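Source file: target.txt (compact mmCIF, C-alpha atoms)
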# COMPACT_ATOMS: atom_id res chain seq x y z
CA MET F 1329 155.18 9.54 36.75
CA PHE F 1330 153.26 7.53 39.39
CA SER F 1331 153.61 3.76 39.52
CA THR F 1332 150.63 1.46 40.13
CA PRO F 1333 150.72 0.05 43.71
CA THR F 1334 151.27 -3.66 44.01
CA LEU F 1335 148.76 -5.95 45.74
CA LYS F 1336 151.21 -6.29 48.62
CA GLN F 1337 151.36 -2.48 49.05
CA LEU F 1338 147.57 -2.20 48.96
CA ILE F 1339 147.19 -4.86 51.66
CA ALA F 1340 149.82 -3.10 53.79
CA GLY F 1341 147.99 0.23 53.39
CA VAL F 1342 144.65 -1.27 54.42
CA ALA F 1343 146.28 -2.93 57.43
CA LEU F 1344 147.87 0.39 58.51
CA GLY F 1345 144.53 2.19 58.17
CA ALA F 1346 142.80 -0.46 60.26
CA THR F 1347 145.48 -0.13 62.92
CA LEU F 1348 145.01 3.66 63.09
CA VAL F 1349 141.21 3.33 63.40
CA ALA F 1350 141.63 0.73 66.14
CA SER F 1351 144.14 2.97 67.88
CA GLN F 1352 141.74 5.94 67.82
CA ALA F 1353 138.92 3.75 69.12
CA THR F 1354 141.17 2.59 71.95
CA PHE F 1355 141.75 6.20 73.06
CA ALA F 1356 138.13 7.38 72.75
CA ALA F 1357 136.75 8.39 76.15
CA ASP F 1358 134.07 6.24 77.76
CA TYR F 1359 132.38 9.34 79.19
CA THR F 1360 132.24 13.01 78.15
CA LEU F 1361 131.43 15.83 80.57
CA LYS F 1362 130.14 19.06 78.98
CA PHE F 1363 130.99 21.84 81.46
CA GLY F 1364 129.39 25.18 80.54
CA HIS F 1365 129.53 28.39 82.61
CA LEU F 1366 129.09 32.15 82.32
CA ALA F 1367 132.61 33.44 83.12
CA ASN F 1368 134.97 34.52 80.34
CA ALA F 1369 138.11 32.62 79.36
CA GLU F 1370 140.41 34.75 81.58
CA ASN F 1371 138.24 34.51 84.68
CA ILE F 1372 139.54 32.44 87.61
CA TRP F 1373 136.42 30.24 87.42
CA ASN F 1374 137.37 29.20 83.91
CA LYS F 1375 140.98 28.59 84.97
CA ALA F 1376 139.63 26.36 87.74
CA ALA F 1377 137.40 24.50 85.24
CA LEU F 1378 140.43 23.86 83.02
CA LYS F 1379 142.37 22.54 86.03
CA PHE F 1380 139.44 20.15 86.70
CA LYS F 1381 139.59 19.00 83.06
CA GLU F 1382 143.34 18.37 83.30
CA LEU F 1383 143.01 16.37 86.54
CA VAL F 1384 140.02 14.28 85.46
CA GLU F 1385 141.48 13.34 82.10
CA ALA F 1386 144.87 12.43 83.59
CA ASN F 1387 143.54 10.50 86.58
CA SER F 1388 140.93 8.59 84.58
CA ASP F 1389 143.58 7.49 82.03
CA GLY F 1390 141.51 9.18 79.33
CA ARG F 1391 138.30 7.32 80.16
CA ILE F 1392 136.62 10.67 80.88
CA GLU F 1393 136.87 13.65 78.53
CA VAL F 1394 135.92 17.09 79.93
CA GLN F 1395 134.80 19.75 77.45
CA VAL F 1396 134.81 23.27 78.96
CA PHE F 1397 132.53 25.93 77.44
CA PRO F 1398 133.11 29.39 79.02
CA ASN F 1399 131.34 32.66 78.25
CA GLU F 1400 127.79 31.27 78.06
CA GLN F 1401 128.60 29.18 74.98
CA LEU F 1402 126.00 26.63 76.14
CA GLY F 1403 123.56 29.39 77.19
CA ASN F 1404 123.06 31.45 80.34
CA GLU F 1405 123.07 30.00 83.86
CA MET F 1406 119.42 28.92 83.80
CA ASP F 1407 119.76 27.50 80.27
CA VAL F 1408 122.65 25.26 81.33
CA ILE F 1409 120.82 24.09 84.46
CA ASN F 1410 117.85 23.11 82.26
CA SER F 1411 120.21 21.38 79.80
CA ILE F 1412 121.77 19.33 82.61
CA GLN F 1413 118.30 18.29 83.74
CA LEU F 1414 117.52 17.25 80.13
CA GLY F 1415 120.85 15.42 79.78
CA THR F 1416 122.32 17.62 77.03
CA ALA F 1417 124.93 19.25 79.32
CA ASP F 1418 126.60 17.88 82.44
CA MET F 1419 128.18 20.55 84.64
CA THR F 1420 127.97 24.25 85.45
CA ILE F 1421 128.78 26.91 88.06
CA THR F 1422 125.68 28.23 89.81
CA GLY F 1423 124.54 29.94 92.99
CA GLU F 1424 121.48 31.54 94.51
CA SER F 1425 119.54 31.08 91.23
CA LEU F 1426 118.93 27.56 92.54
CA GLN F 1427 116.43 29.03 95.03
CA ASN F 1428 113.91 28.81 92.17
CA TRP F 1429 113.81 25.11 93.07
CA ALA F 1430 115.51 24.87 96.47
CA PRO F 1431 114.54 27.75 98.83
CA LYS F 1432 117.50 27.08 101.13
CA ALA F 1433 119.83 28.15 98.30
CA ALA F 1434 118.63 31.74 98.86
CA MET F 1435 121.03 31.83 101.81
CA MET F 1436 123.88 32.00 99.31
CA ALA F 1437 123.28 35.75 98.82
CA VAL F 1438 121.54 37.27 101.86
CA PRO F 1439 122.70 40.77 102.89
CA TYR F 1440 124.78 40.87 106.07
CA LEU F 1441 124.32 37.19 106.79
CA PHE F 1442 128.07 36.61 107.22
CA ARG F 1443 130.47 38.66 109.32
CA ASP F 1444 133.58 37.47 107.49
CA ALA F 1445 135.04 34.80 105.19
CA ASP F 1446 135.77 32.45 108.12
CA GLN F 1447 132.12 32.35 109.21
CA LEU F 1448 131.08 31.75 105.59
CA ARG F 1449 133.47 28.79 105.32
CA ARG F 1450 132.16 27.26 108.55
CA ALA F 1451 128.61 27.54 107.25
CA VAL F 1452 129.32 26.08 103.79
CA GLU F 1453 131.45 23.22 105.08
CA GLY F 1454 129.27 22.45 108.11
CA ASP F 1455 125.69 21.41 108.77
CA VAL F 1456 124.20 24.45 107.00
CA GLY F 1457 126.03 23.62 103.79
CA LYS F 1458 124.95 19.99 104.01
CA GLN F 1459 121.30 21.06 104.34
CA ILE F 1460 121.54 23.39 101.34
CA GLU F 1461 123.37 20.83 99.19
CA ALA F 1462 120.90 18.07 100.07
CA GLN F 1463 117.93 20.23 99.08
CA ILE F 1464 119.64 21.28 95.83
CA THR F 1465 120.25 17.64 94.89
CA GLU F 1466 116.76 16.55 95.92
CA ARG F 1467 114.91 19.37 94.12
CA THR F 1468 117.12 19.94 91.04
CA GLY F 1469 118.96 16.68 90.33
CA LEU F 1470 122.28 18.58 90.57
CA VAL F 1471 125.10 17.40 92.84
CA PRO F 1472 127.40 20.12 94.28
CA LEU F 1473 130.99 18.94 93.83
CA ALA F 1474 132.91 22.02 95.00
CA TRP F 1475 132.33 25.61 96.13
CA PHE F 1476 134.05 28.91 95.43
CA GLU F 1477 133.91 32.02 97.61
CA ARG F 1478 132.75 35.09 95.72
CA GLY F 1479 134.14 38.56 96.22
CA PRO F 1480 131.97 40.62 98.63
CA ARG F 1481 129.62 43.13 97.05
CA GLU F 1482 130.77 46.72 97.63
CA LEU F 1483 129.13 50.11 97.03
CA THR F 1484 130.62 52.62 94.61
CA SER F 1485 129.68 56.31 94.75
CA ASN F 1486 130.87 59.86 94.09
CA ARG F 1487 130.74 60.85 97.74
CA PRO F 1488 132.19 58.77 100.59
CA ILE F 1489 129.66 56.56 102.39
CA LYS F 1490 130.70 55.58 105.92
CA THR F 1491 127.40 55.10 107.79
CA PRO F 1492 123.79 54.39 106.78
CA ASP F 1493 123.01 58.09 107.40
CA ASP F 1494 125.30 58.95 104.46
CA LEU F 1495 122.97 57.00 102.16
CA ASP F 1496 120.03 59.37 102.68
CA GLY F 1497 118.18 59.53 99.35
CA LEU F 1498 121.13 58.13 97.36
CA ARG F 1499 119.93 56.84 93.98
CA ILE F 1500 121.52 53.40 93.71
CA ARG F 1501 121.22 50.73 91.04
CA VAL F 1502 120.51 47.23 92.32
CA PRO F 1503 119.79 43.94 90.50
CA ASN F 1504 116.12 43.07 90.13
CA VAL F 1505 116.14 41.04 93.37
CA PRO F 1506 113.34 41.99 95.80
CA LEU F 1507 115.50 41.27 98.85
CA PHE F 1508 118.19 43.69 97.60
CA VAL F 1509 115.61 46.40 96.86
CA ASP F 1510 114.02 46.07 100.31
CA THR F 1511 117.40 46.08 102.07
CA TRP F 1512 118.66 49.27 100.42
CA LYS F 1513 115.33 51.00 101.09
CA ALA F 1514 115.62 50.07 104.76
CA LEU F 1515 119.14 51.51 104.78
CA GLY F 1516 117.82 54.87 103.55
CA ALA F 1517 118.82 54.77 99.88
CA ARG F 1518 116.57 54.98 96.79
CA PRO F 1519 117.23 51.67 95.00
CA THR F 1520 116.50 51.39 91.28
CA PRO F 1521 116.47 47.91 89.66
CA MET F 1522 118.27 48.09 86.32
CA ALA F 1523 119.99 45.75 83.84
CA PHE F 1524 123.74 45.59 84.43
CA SER F 1525 124.40 46.61 80.82
CA GLU F 1526 122.70 49.99 81.44
CA VAL F 1527 124.55 50.93 84.63
CA PHE F 1528 127.63 52.70 83.17
CA THR F 1529 125.55 55.07 81.03
CA ALA F 1530 123.11 55.74 83.88
CA LEU F 1531 126.02 56.70 86.16
CA GLN F 1532 127.55 58.84 83.41
CA GLN F 1533 124.25 60.70 82.94
CA ASN F 1534 123.64 60.93 86.71
CA THR F 1535 120.34 59.05 86.41
CA ILE F 1536 121.72 57.05 89.32
CA GLU F 1537 124.48 58.07 91.73
CA ALA F 1538 125.80 54.72 92.93
CA GLN F 1539 125.86 50.97 92.26
CA GLU F 1540 126.94 47.83 94.12
CA ASN F 1541 128.94 44.85 92.84
CA PRO F 1542 132.04 42.78 93.63
CA LEU F 1543 135.41 44.37 92.80
CA SER F 1544 135.80 42.08 89.78
CA LEU F 1545 132.74 43.60 88.09
CA ILE F 1546 133.62 47.13 89.20
CA GLU F 1547 136.92 46.68 87.36
CA SER F 1548 135.64 44.89 84.26
CA ALA F 1549 132.80 47.42 83.78
CA SER F 1550 135.27 50.36 84.12
CA PHE F 1551 133.13 52.01 86.81
CA ASN F 1552 136.29 53.84 87.88
CA GLU F 1553 135.60 56.17 84.94
CA VAL F 1554 132.28 57.31 86.44
CA GLN F 1555 132.67 56.65 90.21
CA LYS F 1556 135.22 58.02 92.67
CA TYR F 1557 134.77 55.90 95.81
CA VAL F 1558 134.63 52.20 96.68
CA ASP F 1559 132.76 52.06 99.98
CA MET F 1560 133.74 48.78 101.67
CA THR F 1561 130.26 47.75 102.78
CA ASP F 1562 130.85 43.99 102.25
CA HIS F 1563 127.05 43.84 102.29
CA VAL F 1564 126.76 40.46 100.57
CA ARG F 1565 129.27 37.67 101.13
CA SER F 1566 128.38 34.63 99.10
CA TRP F 1567 129.58 31.47 97.45
CA ILE F 1568 128.82 29.48 94.33
CA TYR F 1569 128.78 25.76 93.54
CA VAL F 1570 130.27 23.67 90.77
CA VAL F 1571 127.53 21.12 90.11
CA ILE F 1572 127.13 17.96 88.02
CA GLY F 1573 123.98 16.16 86.95
CA LYS F 1574 123.20 13.37 89.44
CA GLN F 1575 122.19 10.94 86.68
CA LYS F 1576 125.41 11.58 84.78
CA LEU F 1577 127.60 11.14 87.84
CA GLU F 1578 125.84 7.93 88.85
CA SER F 1579 126.07 6.55 85.31
CA MET F 1580 129.83 6.19 85.86
CA PRO F 1581 131.45 3.30 87.73
CA ALA F 1582 132.45 4.00 91.33
CA ASP F 1583 136.15 4.46 90.54
CA LEU F 1584 135.43 7.18 87.97
CA GLN F 1585 132.95 8.91 90.26
CA GLN F 1586 135.80 9.11 92.78
CA VAL F 1587 138.13 10.55 90.14
CA VAL F 1588 135.57 13.31 89.48
CA ARG F 1589 135.10 14.06 93.19
CA ASP F 1590 138.84 14.09 93.90
CA ALA F 1591 139.50 16.41 90.94
CA ALA F 1592 136.71 18.73 92.15
CA SER F 1593 138.32 18.93 95.59
CA GLN F 1594 141.69 19.82 94.05
CA MET F 1595 140.01 22.33 91.74
CA GLN F 1596 138.44 24.03 94.79
CA SER F 1597 141.83 24.45 96.48
CA TYR F 1598 143.35 25.74 93.23
CA GLU F 1599 140.57 28.32 92.75
CA GLU F 1600 140.88 29.45 96.38
CA THR F 1601 144.53 30.36 95.80
CA LEU F 1602 143.65 32.23 92.59
CA PHE F 1603 140.79 34.04 94.35
CA ALA F 1604 142.94 35.37 97.21
CA ALA F 1605 145.54 36.73 94.78
CA ASP F 1606 142.87 38.21 92.50
CA GLN F 1607 141.16 40.12 95.34
CA LYS F 1608 144.46 41.82 96.21
CA ARG F 1609 145.15 42.59 92.56
CA LEU F 1610 141.67 44.07 92.04
CA GLU F 1611 141.96 46.48 94.96
CA GLN F 1612 145.34 47.75 93.81
CA ALA F 1613 144.20 47.99 90.18
CA LEU F 1614 141.19 50.16 91.13
CA LYS F 1615 143.36 52.36 93.35
CA ASP F 1616 145.81 52.76 90.46
CA LYS F 1617 142.86 53.90 88.32
CA GLY F 1618 142.05 56.66 90.79
CA MET F 1619 139.41 55.13 93.08
CA THR F 1620 139.54 55.79 96.83
CA PHE F 1621 138.65 52.96 99.21
CA VAL F 1622 136.49 53.99 102.17
CA GLU F 1623 136.26 52.13 105.50
CA VAL F 1624 132.59 51.67 106.42
CA ASP F 1625 130.81 51.06 109.74
CA GLN F 1626 129.61 47.63 108.63
CA ALA F 1627 128.04 46.82 112.02
CA ALA F 1628 125.75 49.86 111.71
CA PHE F 1629 124.72 48.80 108.18
CA ALA F 1630 124.05 45.22 109.30
CA LYS F 1631 121.94 46.34 112.27
CA LYS F 1632 119.78 48.68 110.19
CA ALA F 1633 119.33 46.12 107.38
CA LYS F 1634 118.39 43.16 109.61
CA PRO F 1635 114.61 43.78 110.04
CA ALA F 1636 114.09 44.08 106.26
CA VAL F 1637 116.17 40.96 105.62
CA LEU F 1638 114.30 38.84 108.16
CA ASP F 1639 110.95 40.08 106.86
CA ALA F 1640 111.86 38.90 103.34
CA LEU F 1641 112.73 35.33 104.42
CA ASN F 1642 110.26 32.47 104.84
CA ASP F 1643 110.22 30.28 107.98
CA GLU F 1644 112.60 27.67 106.51
CA GLN F 1645 115.08 30.35 105.42
CA ARG F 1646 114.77 32.22 108.72
CA ALA F 1647 115.71 29.09 110.66
CA LEU F 1648 118.87 28.72 108.57
CA TYR F 1649 119.61 32.43 108.97
CA LYS F 1650 119.57 32.06 112.76
CA GLU F 1651 121.73 28.94 112.58
CA ILE F 1652 124.33 30.81 110.51
CA GLN F 1653 124.27 33.90 112.76
CA ALA F 1654 125.05 31.64 115.73
CA LEU F 1655 128.25 30.30 114.12

Could you express the structure from this file as structure tokens?
Amino acid sequence: MFSTPTLKQLIAGVALGATLVASQATFAADYTLKFGHLANAENIWNKAALKFKELVEANSDGRIEVQVFPNEQLGNEMDVINSIQLGTADMTITGESLQNWAPKAAMMAVPYLFRDADQLRRAVEGDVGKQIEAQITERTGLVPLAWFERGPRELTSNRPIKTPDDLDGLRIRVPNVPLFVDTWKALGARPTPMAFSEVFTALQQNTIEAQENPLSLIESASFNEVQKYVDMTDHVRSWIYVVIGKQKLESMPADLQQVVRDAASQMQSYEETLFAADQKRLEQALKDKGMTFVEVDQAAFAKKAKPAVLDALNDEQRALYKEIQAL
């Protein structure tokens, strides 16, 4: 049988409740960052985003909360960019799609622009990168906080491809990017733009004979089941930015802005370590699944592709292209 609480007990209960509410209010964040991106939960980009969350929340003493939404939970790449501009999201991971606003961002995925990862780093972290970042911020209202190298795009096929001559008439799927179509035509292949979701079946049915993507997508799409060779063309080396809305960043006091920037720098280093390990793992995993890796005459590919690439660029982009080639 329950006893009726005394007045003293009621007052104590109310006081305890008030204390709990006050305590929760004390620990509520002053700022919330909604960070949406397209990678799945196991992807190294998401692991990097979670590291950023951990660092920001710890180093801001809980004044900033970071909410990470992987797997397009806030929409696709363009959706999230639009949401940041409207103020309903705050951060994302984005790349050459930004050329829709900032033409210099097209340099983030130009065939045979970079010889190797070292040249790419010098471009991104030098004057070229500063020009691209400044135009992105000016034209989109997004501030690049960090950058991640992306795995080079490679060709897969059922016959080994070592020189451009081996491409003669090869039916290859490419994304619906005019520059990619023009480049593969110039190299001697027969490029076919096609949605990524249709590629496996098209290879299975021999509608197309080849496709090109980074190793991570070759693995996740199980192309090893329908392709024998990974031809190491390295035809696109690129990077991607972690960006934040300029208005959101500047709405924070200077000390918290610095917390965000410092955490982004640490996140970049963390992701770089994950990336290097993942590239090695991917190559071995595809070999274990029966794929043969083919050394390619990349210089011959680059030379034959160059006229088509230059023809596709505008004057502003061509100037940056030459600046990068000189590095």

Coordinates-based distance that separates atom CA of Trp1475 of chain F from atom CA of Gln1447 of chain F (Å, one decimal):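 Pair atom CA of Gln1447 of chain F / atom CA of Trp1475 of chain F returns 14.7 Å.
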
Pick from F:Val1570, F:Leu1614, F:Ile1421, F:Ala1636, whichever lies nearest to Ala1549 of chain F using all atoms listed in the file: F:Leu1614

Atom CA of Leu1545 of chain F to atom CA of Asp1407 of chain F, straight-line distance in Å: 22.1 Å

Exercise: residues within 10 Å of coordinate (138.5, 27.9, 95.3), counting all atoms listed in the file, as a list in words: Ile1372, Trp1373, Ala1376, Ala1474, Trp1475, Phe1476, Glu1477, Arg1478, Trp1567, Ile1568, Ala1592, Ser1593, Gln1594, Met1595, Gln1596, Ser1597, Tyr1598, Glu1599, Glu1600, Thr1601, Leu1602, Phe1603 and Ala1604 of chain F

Residue with smallest distance to Gly1516 of chain F - pool F:Ser1411, F:Thr1422, F:Asn1428, F:Thr1491, counting only C-alpha atoms: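 Closest to Gly1516 of chain F of all the choices is F:Thr1491.
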
Residue contacts of Val1571 of chain F (7 Å, all atoms listed in the file) excluding same-chain residues fewer than 3 positions away, as a PDB file with C-alpha atoms, in the frame of the given file:
ATOM      1  CA  MET F1419     128.180  20.550  84.640  1.00  0.00           C
ATOM      2  CA  THR F1420     127.970  24.250  85.450  1.00  0.00           C
ATOM      3  CA  ILE F1421     128.780  26.910  88.060  1.00  0.00           C
ATOM      4  CA  LEU F1470     122.280  18.580  90.570  1.00  0.00           C
ATOM      5  CA  VAL F1471     125.100  17.400  92.840  1.00  0.00           C
ATOM      6  CA  PRO F1472     127.400  20.120  94.280  1.00  0.00           C
ATOM      7  CA  LEU F1473     130.990  18.940  93.830  1.00  0.00           C
TER       8      LEU F1473
END

Residues of segment 1533-1596 of chain F that have any atom at most 10 Å from an atom of segment 1456-1466 of chain F: could you tabulate them with the shortest-distance atom pair and the distance in Å to one decimal, using all atoms listed in the file, ordered by chain and increasing number, as CSV?
residue,atom,partner,partner_atom,distance
F:Tyr1569,CA,F:Glu1461,CA,9.2
F:Val1571,CA,F:Thr1465,CA,9.4
F:Ile1572,CA,F:Thr1465,CA,9.7
F:Gly1573,CA,F:Thr1465,CA,8.9
F:Lys1574,CA,F:Thr1465,CA,7.5

Residue neighbourhood segment 1624-1626 of chain F, 8 Å, only C-alpha atoms, exclusion window fewer than 3 positions, as a PyMOL selection string: chain F and resi 1489-1491+1559-1563+1629-1630

Complete the atoms of segment 1568-1584 of chain F to N, CA, C and O atoms and put them out as a PDB file, keeping the file's coordinate frame.
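The resulting file, part.pdb, is shown below:
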ATOM      1  N   ILE F1568     129.441  30.067  95.515  1.00  0.00           N
ATOM      2  CA  ILE F1568     128.820  29.480  94.330  1.00  0.00           C
ATOM      3  C   ILE F1568     129.286  28.036  94.220  1.00  0.00           C
ATOM      4  O   ILE F1568     130.376  27.691  94.696  1.00  0.00           O
ATOM      5  N   TYR F1569     128.447  27.188  93.649  1.00  0.00           N
ATOM      6  CA  TYR F1569     128.780  25.760  93.540  1.00  0.00           C
ATOM      7  C   TYR F1569     129.165  25.377  92.117  1.00  0.00           C
ATOM      8  O   TYR F1569     128.609  25.903  91.140  1.00  0.00           O
ATOM      9  N   VAL F1570     130.076  24.420  92.013  1.00  0.00           N
ATOM     10  CA  VAL F1570     130.270  23.670  90.770  1.00  0.00           C
ATOM     11  C   VAL F1570     129.408  22.418  90.918  1.00  0.00           C
ATOM     12  O   VAL F1570     129.570  21.662  91.878  1.00  0.00           O
ATOM     13  N   VAL F1571     128.474  22.231  89.997  1.00  0.00           N
ATOM     14  CA  VAL F1571     127.530  21.120  90.110  1.00  0.00           C
ATOM     15  C   VAL F1571     127.615  20.194  88.893  1.00  0.00           C
ATOM     16  O   VAL F1571     128.035  20.609  87.802  1.00  0.00           O
ATOM     17  N   ILE F1572     127.195  18.952  89.098  1.00  0.00           N
ATOM     18  CA  ILE F1572     127.130  17.960  88.020  1.00  0.00           C
ATOM     19  C   ILE F1572     125.757  17.287  88.096  1.00  0.00           C
ATOM     20  O   ILE F1572     125.169  17.175  89.177  1.00  0.00           O
ATOM     21  N   GLY F1573     125.251  16.874  86.965  1.00  0.00           N
ATOM     22  CA  GLY F1573     123.980  16.160  86.950  1.00  0.00           C
ATOM     23  C   GLY F1573     124.099  14.840  87.703  1.00  0.00           C
ATOM     24  O   GLY F1573     125.041  14.070  87.484  1.00  0.00           O
ATOM     25  N   LYS F1574     123.154  14.591  88.617  1.00  0.00           N
ATOM     26  CA  LYS F1574     123.200  13.370  89.440  1.00  0.00           C
ATOM     27  C   LYS F1574     123.162  12.115  88.565  1.00  0.00           C
ATOM     28  O   LYS F1574     123.905  11.155  88.793  1.00  0.00           O
ATOM     29  N   GLN F1575     122.301  12.120  87.554  1.00  0.00           N
ATOM     30  CA  GLN F1575     122.190  10.940  86.680  1.00  0.00           C
ATOM     31  C   GLN F1575     123.495  10.678  85.950  1.00  0.00           C
ATOM     32  O   GLN F1575     123.922   9.530  85.817  1.00  0.00           O
ATOM     33  N   LYS F1576     124.141  11.752  85.487  1.00  0.00           N
ATOM     34  CA  LYS F1576     125.410  11.580  84.780  1.00  0.00           C
ATOM     35  C   LYS F1576     126.478  11.017  85.707  1.00  0.00           C
ATOM     36  O   LYS F1576     127.196  10.075  85.358  1.00  0.00           O
ATOM     37  N   LEU F1577     126.584  11.601  86.891  1.00  0.00           N
ATOM     38  CA  LEU F1577     127.600  11.140  87.840  1.00  0.00           C
ATOM     39  C   LEU F1577     127.386   9.668  88.174  1.00  0.00           C
ATOM     40  O   LEU F1577     128.331   8.867  88.162  1.00  0.00           O
ATOM     41  N   GLU F1578     126.128   9.298  88.435  1.00  0.00           N
ATOM     42  CA  GLU F1578     125.840   7.930  88.850  1.00  0.00           C
ATOM     43  C   GLU F1578     125.854   6.932  87.690  1.00  0.00           C
ATOM     44  O   GLU F1578     125.810   5.714  87.926  1.00  0.00           O
ATOM     45  N   SER F1579     125.945   7.446  86.458  1.00  0.00           N
ATOM     46  CA  SER F1579     126.070   6.550  85.310  1.00  0.00           C
ATOM     47  C   SER F1579     127.499   6.010  85.181  1.00  0.00           C
ATOM     48  O   SER F1579     127.751   5.061  84.435  1.00  0.00           O
ATOM     49  N   MET F1580     128.423   6.610  85.908  1.00  0.00           N
ATOM     50  CA  MET F1580     129.830   6.190  85.860  1.00  0.00           C
ATOM     51  C   MET F1580     130.086   5.135  86.927  1.00  0.00           C
ATOM     52  O   MET F1580     129.466   5.134  87.983  1.00  0.00           O
ATOM     53  N   PRO F1581     131.061   4.255  86.686  1.00  0.00           N
ATOM     54  CA  PRO F1581     131.450   3.300  87.730  1.00  0.00           C
ATOM     55  C   PRO F1581     132.038   4.036  88.935  1.00  0.00           C
ATOM     56  O   PRO F1581     132.478   5.174  88.824  1.00  0.00           O
ATOM     57  N   ALA F1582     132.035   3.375  90.073  1.00  0.00           N
ATOM     58  CA  ALA F1582     132.450   4.000  91.330  1.00  0.00           C
ATOM     59  C   ALA F1582     133.847   4.608  91.262  1.00  0.00           C
ATOM     60  O   ALA F1582     134.094   5.695  91.813  1.00  0.00           O
ATOM     61  N   ASP F1583     134.783   3.938  90.573  1.00  0.00           N
ATOM     62  CA  ASP F1583     136.150   4.460  90.540  1.00  0.00           C
ATOM     63  C   ASP F1583     136.221   5.783  89.782  1.00  0.00           C
ATOM     64  O   ASP F1583     136.958   6.698  90.173  1.00  0.00           O
ATOM     65  N   LEU F1584     135.419   5.925  88.725  1.00  0.00           N
ATOM     66  CA  LEU F1584     135.430   7.180  87.970  1.00  0.00           C
ATOM     67  C   LEU F1584     134.672   8.285  88.699  1.00  0.00           C
ATOM     68  O   LEU F1584     135.042   9.460  88.611  1.00  0.00           O
TER      69      LEU F1584
END
